[in-house]
file my_file-v1.txt (compact mmCIF, C-alpha atoms and all ligand atoms)
# COMPACT_ATOMS: atom_id res chain seq x y z
CA MET A 1 0.00 0.00 0.00
CA SER A 2 2.56 2.49 -1.09
CA ASP A 3 0.32 4.46 -3.41
CA THR A 4 0.82 8.18 -3.49
CA ASP A 5 -2.05 10.28 -2.24
CA ALA A 6 -2.91 11.67 -5.67
CA GLU A 7 -3.37 8.17 -7.10
CA LEU A 8 -5.97 7.23 -4.52
CA PRO A 9 -9.71 7.82 -4.83
CA PRO A 10 -10.59 11.14 -3.10
CA LEU A 11 -12.25 9.30 -0.20
CA LEU A 12 -8.92 7.71 0.73
CA ARG A 13 -6.69 10.74 0.38
CA GLY A 14 -5.15 12.59 3.30
CA ALA A 15 -4.42 9.49 5.38
CA PRO A 16 -1.80 9.87 8.09
CA GLY A 17 1.62 8.67 6.96
CA THR A 18 2.45 6.93 10.23
CA THR A 19 3.43 3.28 10.39
CA GLU A 20 0.70 2.75 12.94
CA PHE A 21 -1.98 4.00 10.57
CA ARG A 22 -0.61 2.03 7.63
CA LYS A 23 -0.84 -1.14 9.72
CA LEU A 24 -4.36 -0.28 10.78
CA ARG A 25 -5.46 0.37 7.22
CA LYS A 26 -3.91 -2.88 5.99
CA ARG A 27 -5.65 -4.80 8.74
CA VAL A 28 -9.05 -3.27 8.03
CA ILE A 29 -8.71 -3.94 4.30
CA ARG A 30 -7.43 -7.48 4.83
CA GLU A 31 -10.19 -8.39 7.28
CA THR A 32 -12.88 -6.88 5.08
CA ARG A 33 -11.63 -8.79 2.06
CA GLU A 34 -11.41 -11.95 4.13
CA ALA A 35 -15.06 -11.65 5.20
CA ILE A 36 -16.23 -10.91 1.65
CA GLU A 37 -14.45 -14.03 0.43
CA THR A 38 -15.23 -16.30 3.36
CA TYR A 39 -18.96 -15.68 3.17
CA GLY A 40 -19.18 -15.44 -0.62
CA MET A 41 -20.60 -11.95 -0.60
CA ALA A 42 -19.57 -10.57 -3.97
CA ALA A 43 -20.90 -11.72 -7.32
CA LYS A 44 -19.34 -10.05 -10.33
CA GLY A 45 -21.46 -7.25 -11.72
CA ASP A 46 -23.65 -6.88 -8.63
CA ARG A 47 -24.66 -3.47 -7.39
CA TRP A 48 -24.42 -2.83 -3.64
CA LEU A 49 -26.35 -0.26 -1.65
CA VAL A 50 -23.82 0.77 1.00
CA CYS A 51 -25.61 2.27 3.98
CA LEU A 52 -23.97 5.36 5.38
CA SER A 53 -25.32 6.75 8.64
CA GLY A 54 -22.44 9.14 9.19
CA GLY A 55 -21.18 7.06 12.13
CA LYS A 56 -17.59 5.84 12.35
CA ASP A 57 -18.43 2.30 11.30
CA SER A 58 -20.25 3.29 8.15
CA TYR A 59 -17.38 5.53 7.01
CA THR A 60 -14.90 2.73 7.59
CA LEU A 61 -17.13 0.36 5.64
CA LEU A 62 -17.39 2.71 2.69
CA ALA A 63 -13.66 3.47 2.65
CA ALA A 64 -12.72 -0.23 2.81
CA LEU A 65 -15.09 -1.12 -0.03
CA VAL A 66 -13.94 1.81 -2.19
CA GLU A 67 -10.33 0.78 -1.66
CA LEU A 68 -10.99 -2.87 -2.53
CA GLN A 69 -12.94 -1.81 -5.59
CA TRP A 70 -10.18 0.57 -6.66
CA ARG A 71 -7.60 -2.21 -6.28
CA GLY A 72 -9.67 -4.44 -8.53
CA LEU A 73 -10.48 -6.83 -5.69
CA LEU A 74 -14.20 -6.16 -5.48
CA PRO A 75 -16.00 -6.53 -8.82
CA VAL A 76 -19.23 -4.81 -7.78
CA GLU A 77 -20.72 -1.35 -8.24
CA LEU A 78 -21.15 0.72 -5.07
CA LEU A 79 -23.94 3.17 -4.33
CA ALA A 80 -23.67 4.94 -0.97
CA CYS A 81 -27.00 5.67 0.64
CA ASN A 82 -27.96 7.82 3.59
CA LEU A 83 -31.46 7.62 4.99
CA ASP A 84 -32.21 10.83 6.87
CA GLN A 85 -34.81 9.68 9.40
CA GLY A 86 -35.82 13.14 10.51
CA GLN A 87 -34.02 13.11 13.83
CA PRO A 88 -33.95 16.59 15.34
CA GLY A 89 -30.64 18.30 14.69
CA PHE A 90 -29.51 15.87 12.00
CA PRO A 91 -26.99 17.84 9.91
CA ALA A 92 -28.61 17.09 6.55
CA THR A 93 -25.97 18.80 4.42
CA VAL A 94 -22.91 17.01 5.83
CA LEU A 95 -23.16 13.68 4.00
CA PRO A 96 -24.26 15.00 0.59
CA ALA A 97 -21.39 17.53 0.63
CA PHE A 98 -18.90 14.87 1.74
CA LEU A 99 -20.00 12.35 -0.89
CA GLU A 100 -19.95 14.98 -3.64
CA ARG A 101 -16.46 16.05 -2.61
CA CYS A 102 -15.26 12.45 -2.57
CA GLN A 103 -16.96 11.68 -5.89
CA VAL A 104 -18.79 8.71 -4.44
CA PRO A 105 -22.02 7.80 -6.30
CA HIS A 106 -24.82 8.20 -3.77
CA ARG A 107 -28.46 8.60 -2.98
CA ILE A 108 -29.77 10.65 -0.07
CA GLU A 109 -33.30 9.87 1.05
CA PHE A 110 -35.47 11.67 3.59
CA ARG A 111 -38.12 9.72 5.50
CA ASP A 112 -39.41 11.01 8.81
CA THR A 113 -39.51 7.70 10.66
CA TYR A 114 -38.51 9.55 13.84
CA SER A 115 -42.04 10.97 14.25
CA ILE A 116 -43.57 7.50 13.81
CA VAL A 117 -41.22 6.01 16.39
CA LYS A 118 -41.93 8.82 18.89
CA GLU A 119 -45.64 8.33 18.46
CA LYS A 120 -45.69 4.54 18.67
CA VAL A 121 -43.10 3.71 21.31
CA PRO A 122 -44.38 4.07 24.89
CA ALA A 123 -42.55 6.58 27.09
CA GLY A 124 -39.50 5.13 28.79
CA ARG A 125 -38.93 2.42 26.18
CA THR A 126 -36.06 2.56 23.71
CA TYR A 127 -36.81 3.37 20.09
CA CYS A 128 -34.27 1.11 18.48
CA ALA A 129 -36.31 -1.96 17.56
CA LEU A 130 -39.01 -0.03 15.69
CA CYS A 131 -36.56 2.51 14.31
CA SER A 132 -34.36 -0.27 12.88
CA ARG A 133 -37.33 -2.05 11.34
CA LEU A 134 -38.57 1.11 9.63
CA ARG A 135 -35.09 1.93 8.44
CA ARG A 136 -34.55 -1.56 7.10
CA GLY A 137 -37.84 -1.45 5.17
CA ASN A 138 -36.84 1.83 3.54
CA LEU A 139 -33.38 0.55 2.68
CA TYR A 140 -34.88 -2.53 1.01
CA ARG A 141 -37.20 -0.29 -1.00
CA ILE A 142 -34.34 1.96 -2.09
CA ALA A 143 -32.18 -1.03 -3.02
CA ARG A 144 -34.96 -2.35 -5.27
CA GLU A 145 -35.53 1.07 -6.82
CA GLU A 146 -31.82 1.35 -7.54
CA GLY A 147 -31.48 -2.14 -9.01
CA CYS A 148 -29.18 -3.28 -6.19
CA GLN A 149 -28.81 -6.92 -5.22
CA ALA A 150 -27.47 -6.26 -1.73
CA VAL A 151 -27.93 -3.92 1.21
CA VAL A 152 -24.55 -3.52 2.89
CA LEU A 153 -24.33 -2.62 6.56
CA GLY A 154 -21.52 -1.39 8.79
CA HIS A 155 -21.88 -3.85 11.67
CA HIS A 156 -18.51 -5.01 12.92
CA ARG A 157 -17.17 -7.92 14.96
CA ASP A 158 -18.16 -6.40 18.29
CA ASP A 159 -21.76 -5.72 17.21
CA ILE A 160 -21.96 -9.37 16.25
CA LEU A 161 -20.54 -10.51 19.59
CA GLU A 162 -22.82 -8.25 21.61
CA THR A 163 -25.87 -9.49 19.75
CA PHE A 164 -24.77 -13.07 20.34
CA PHE A 165 -24.67 -12.48 24.10
CA LEU A 166 -27.99 -10.61 24.06
CA ASN A 167 -29.57 -13.63 22.41
CA LEU A 168 -27.82 -16.00 24.80
CA PHE A 169 -28.81 -14.12 27.96
CA HIS A 170 -32.23 -12.81 27.01
CA GLY A 171 -33.40 -14.69 23.93
CA GLY A 172 -32.61 -18.28 24.91
CA ARG A 173 -30.89 -19.06 21.62
CA LEU A 174 -27.44 -19.19 20.10
CA ALA A 175 -27.75 -16.69 17.27
CA THR A 176 -26.43 -13.38 16.16
CA MET A 177 -26.37 -11.02 13.16
CA PRO A 178 -24.85 -13.15 10.42
CA PRO A 179 -22.30 -11.73 7.99
CA LYS A 180 -24.67 -12.58 5.15
CA LEU A 181 -28.37 -13.32 4.97
CA ILE A 182 -31.26 -13.18 2.55
CA ASN A 183 -34.22 -10.93 3.37
CA GLU A 184 -37.66 -12.38 4.02
CA ASP A 185 -38.86 -11.67 0.49
CA GLY A 186 -35.85 -13.54 -0.85
CA ASP A 187 -34.82 -10.87 -3.32
CA LEU A 188 -31.97 -9.08 -1.51
CA SER A 189 -28.82 -10.03 0.34
CA VAL A 190 -27.93 -8.25 3.54
CA LEU A 191 -24.16 -8.12 3.93
CA ARG A 192 -21.82 -7.18 6.76
CA PRO A 193 -18.33 -7.00 5.28
CA LEU A 194 -16.88 -5.60 8.52
CA ALA A 195 -17.81 -8.81 10.35
CA HIS A 196 -14.15 -9.53 11.11
CA VAL A 197 -13.14 -5.96 11.95
CA ALA A 198 -12.91 -4.79 15.58
CA GLU A 199 -14.96 -1.76 16.61
CA GLN A 200 -11.85 -0.07 17.92
CA ASP A 201 -10.24 -0.32 14.49
CA CYS A 202 -13.30 1.23 12.83
CA GLU A 203 -13.17 4.10 15.27
CA ARG A 204 -9.43 4.68 14.90
CA PHE A 205 -9.67 4.49 11.13
CA ALA A 206 -12.57 6.94 10.72
CA ARG A 207 -11.06 9.41 13.19
CA ALA A 208 -7.61 9.27 11.62
CA MET A 209 -9.16 9.94 8.21
CA ASN A 210 -10.99 12.95 9.66
CA TYR A 211 -14.32 11.86 8.27
CA PRO A 212 -17.17 14.11 9.42
CA ILE A 213 -18.63 11.80 12.06
CA ILE A 214 -22.24 12.53 12.97
CA PRO A 215 -23.09 11.75 16.60
CA CYS A 216 -25.44 8.83 17.03
CA ASP A 217 -27.45 10.21 19.96
CA LEU A 218 -29.58 12.66 17.98
CA CYS A 219 -32.60 10.40 18.13
CA GLY A 220 -32.83 10.90 21.90
CA SER A 221 -32.99 7.14 22.45
CA GLN A 222 -30.72 5.63 25.01
CA GLU A 223 -29.22 2.40 23.90
CA GLY A 224 -31.00 -0.48 25.59
CA LEU A 225 -29.87 -1.25 29.11
CA GLN A 226 -29.28 -4.88 28.21
CA ARG A 227 -26.93 -3.99 25.38
CA GLN A 228 -25.06 -1.58 27.62
CA GLN A 229 -24.63 -4.32 30.20
CA VAL A 230 -23.30 -6.74 27.61
CA LYS A 231 -20.90 -4.11 26.28
CA ALA A 232 -19.63 -3.41 29.79
CA MET A 233 -19.21 -7.13 30.46
CA LEU A 234 -17.23 -7.68 27.26
CA ASP A 235 -15.10 -4.60 27.95
CA GLU A 236 -14.29 -5.89 31.40
CA TRP A 237 -13.36 -9.36 30.07
CA GLU A 238 -11.18 -7.76 27.42
CA ARG A 239 -9.50 -5.56 30.02
CA ARG A 240 -8.69 -8.56 32.18
CA SER A 241 -7.66 -10.83 29.29
CA PRO A 242 -6.65 -8.87 26.21
CA GLY A 243 -7.65 -10.71 23.06
CA ARG A 244 -10.72 -12.29 24.64
CA ARG A 245 -13.10 -10.72 22.10
CA ALA A 246 -11.06 -12.12 19.21
CA VAL A 247 -11.15 -15.60 20.76
CA MET A 248 -14.90 -15.41 21.30
CA PHE A 249 -15.46 -14.35 17.72
CA ARG A 250 -13.34 -17.27 16.53
CA ALA A 251 -15.67 -19.53 18.48
CA LEU A 252 -18.65 -18.17 16.54
CA CYS A 253 -16.88 -19.29 13.37
CA ASN A 254 -16.10 -22.71 14.75
CA VAL A 255 -19.33 -24.39 15.81
CA ARG A 256 -19.65 -28.09 16.71
CA PRO A 257 -23.30 -29.07 16.65
CA SER A 258 -22.38 -32.52 18.00
CA HIS A 259 -21.07 -30.81 21.13
CA LEU A 260 -24.07 -28.67 21.78
CA ALA A 261 -27.55 -29.91 22.58
CA ASP A 262 -29.86 -29.04 19.68
CA PRO A 263 -31.42 -32.26 18.34
CA THR A 264 -32.57 -30.45 15.21
CA LEU A 265 -28.97 -29.75 14.22
CA PHE A 266 -27.42 -33.05 15.11
CA ASP A 267 -28.77 -36.59 15.00
CA PHE A 268 -28.07 -37.57 18.61
CA ALA A 269 -30.71 -40.29 18.46
CA GLY A 270 -28.88 -41.88 15.54
CA LEU A 271 -25.56 -42.11 17.38
CA MET A 272 -24.66 -45.74 18.01
CA ALA A 273 -21.98 -46.92 20.40
CA GLY A 274 -19.23 -48.76 18.55
CA ALA A 275 -20.21 -47.47 15.10
CA GLU A 276 -17.48 -44.86 15.02
CA ALA A 277 -15.44 -45.20 18.13
CA GLY A 278 -14.88 -41.91 19.82
CA ALA A 279 -16.47 -39.99 16.99
CA ALA A 280 -18.50 -37.74 19.18
CA GLU A 281 -16.35 -37.81 22.25
CA GLY A 282 -14.17 -34.87 23.10
CA LEU A 283 -10.52 -35.87 23.51
CA PRO A 284 -8.05 -34.42 26.02
CA GLY A 285 -7.09 -30.86 25.32
CA GLY A 286 -10.48 -30.07 23.86
CA ALA A 287 -9.64 -31.48 20.41
CA LEU A 288 -12.13 -33.74 18.77
CA GLY A 289 -9.36 -36.02 17.66
CA GLU A 290 -7.65 -36.90 14.41
CA GLY A 291 -9.91 -38.54 11.93
CA TYR A 292 -12.99 -37.10 13.62
CA GLN A 293 -15.86 -37.06 11.20
CA ALA A 294 -19.00 -35.27 12.16
CA PRO A 295 -22.03 -37.49 11.78
CA PRO A 296 -24.50 -36.12 9.23
CA ARG A 297 -26.50 -33.08 10.22
CA LEU A 298 -30.23 -33.33 10.16
CA PRO A 299 -31.84 -31.20 7.48
CA SER A 300 -32.74 -27.82 8.93
CA ARG A 301 -36.38 -27.57 9.74
CA ALA A 302 -38.82 -24.74 9.35
CA ARG A 303 -38.88 -24.58 13.15
CA GLY A 304 -37.81 -21.14 14.17
CA GLN A 305 -35.59 -20.89 11.15
CA THR A 306 -35.30 -17.29 10.22
CA LEU A 307 -33.65 -15.61 7.32
CA GLU A 308 -33.94 -12.24 8.95
CA ASP A 309 -31.86 -10.99 11.86
CA PRO A 310 -32.78 -12.87 14.99
CA ALA A 311 -31.99 -9.92 17.18
CA ASP A 312 -34.67 -7.30 17.12
CA GLN A 313 -33.08 -5.69 20.11
CA ALA A 314 -29.99 -4.82 18.16
CA ALA A 315 -29.62 -1.09 17.75
CA GLU A 316 -28.44 -1.22 14.21
CA GLN A 317 -26.23 1.62 13.12
CA VAL A 318 -26.73 1.75 9.40
S1 LIG B 401 -29.99 4.68 18.39
FE1 LIG B 401 -30.14 4.30 16.18
S2 LIG B 401 -31.57 2.58 15.99
FE2 LIG B 401 -31.82 3.43 18.04
S3 LIG B 401 -33.49 4.88 17.80
FE3 LIG B 401 -31.59 6.04 17.56
S4 LIG B 401 -31.26 6.05 15.35
FE4 LIG B 401 -32.75 4.47 15.75
call {"tool": "encode", "arguments": {"input": "my_file-v1.txt", "output": "structure tokens", "more": "lines below"}}
Ligand code: SF4
result
Amino acid sequence: MSDTDAELPPLLRGAPGTTEFRKLRKRVIRETREAIETYGMAAKGDRWLVCLSGGKDSYTLLAALVELQWRGLLPVELLACNLDQGQPGFPATVLPAFLERCQVPHRIEFRDTYSIVKEKVPAGRTYCALCSRLRRGNLYRIAREEGCQAVVLGHHRDDILETFFLNLFHGGRLATMPPKLINEDGDLSVLRPLAHVAEQDCERFARAMNYPIIPCDLCGSQEGLQRQQVKAMLDEWERRSPGRRAVMFRALCNVRPSHLADPTLFDFAGLMAGAEAGAAEGLPGGALGEGYQAPPRLPSRARGQTLEDPADQAAEQV
């Protein structure tokens, strides 16, 4: 990444020349590319609606995708999109001016979902679930109008982890926001290319690039107490054991249905002693053992299977 500033797309110009920033940028780009490849997100010729809220994560998302596209590593067309939801004090001119200046193709849409949320949500409750649903519906509509195949969101590794723990503690299920899913109507992908990127890296990247970050508290909603508690818990674990978040995320990518307890994912009833000695038994050190072959999974059932995000409580920053 030794390109001179003038060669770069305008969005990527003006980056700090420090070694620290160069490492950060490389990491963000590498992890974004890794997620796009791992989850098969990009089909040649697709058009992506890249959601830009003006928060740090969405700027990092856009910059990473623009850089990959510019390097010829992402064969899709990008359309940045900001949905102005009518929150009081939202600086409506900031994003259009920024996107113009950076020559990023974009669409700005105004929909006053804020008034609907204020009217419908009882006093004292957080707005996020309804707000996210209304936003998502509008983004799907815009994607269809623009001939896009995917809605691309700026959720990062830590959003995914927090949602996992919210579901574990309060939802009674092991589930989170997946890096890729298909919407309920089956006509759009929802992608999260920052799935492998740490929140701290998004923040450092967007701040170092001096992007005009719009505060996320304009809506007047406090983030849900449960999410705050999970964040605090993960922060504390990370403080005590640096790297803990990375390990936990690796676990989400390394699931052993035979060592959980969901009979719809694994044919426990069909396990026979002696058929495959030790096949389902954990060996010392936590390894499943050389030659371990997972018995066949049961076909997934309609039961509770959802193509949409399982976590309504997630305050989605798109
Ligand atoms: S925090 Fe975000 S999702 Fe929640 S109400 Fe405000 S704008 Fe909507």
call {"tool": "closest_residue", "arguments": {"input": "my_file-v1.txt", "among": "A:Lys26, A:Arg207, A:Lys231, A:Lys56", "to": "A:Asp158", "atoms": "all atoms listed in the file"}}
result
A:Lys231
call {"tool": "closest_residue", "arguments": {"input": "my_file-v1.txt", "among": "A:Leu74, A:Ile214, A:Leu166, A:Leu11", "to": "ligand LIG 401 (chain B)", "atoms": "only C-alpha atoms and all ligand atoms"}}
result
A:Ile214
call {"tool": "closest_residue", "arguments": {"input": "my_file-v1.txt", "among": "A:Pro96, A:Gly14, A:Pro215, A:Gly243", "to": "ligand LIG 401 (chain B)", "atoms": "only C-alpha atoms and all ligand atoms"}}
result
A:Pro215
call {"tool": "axis_aligned_box", "arguments": {"input": "my_file-v1.txt", "around": "ligand LIG 401 (chain B)", "padding_each_side": "4 Å", "output": "lines of an AutoDock Vina configuration file"}}
result
center_x = -31.7
center_y = 4.3
center_z = 16.9
size_x = 11.5
size_y = 11.5
size_z = 11.0
call {"tool": "closest_residue", "arguments": {"input": "my_file-v1.txt", "among": "A:Lys180, A:Glu67, A:Leu78, A:Val50", "to": "A:Leu139", "atoms": "only C-alpha atoms"}}
result
A:Val50
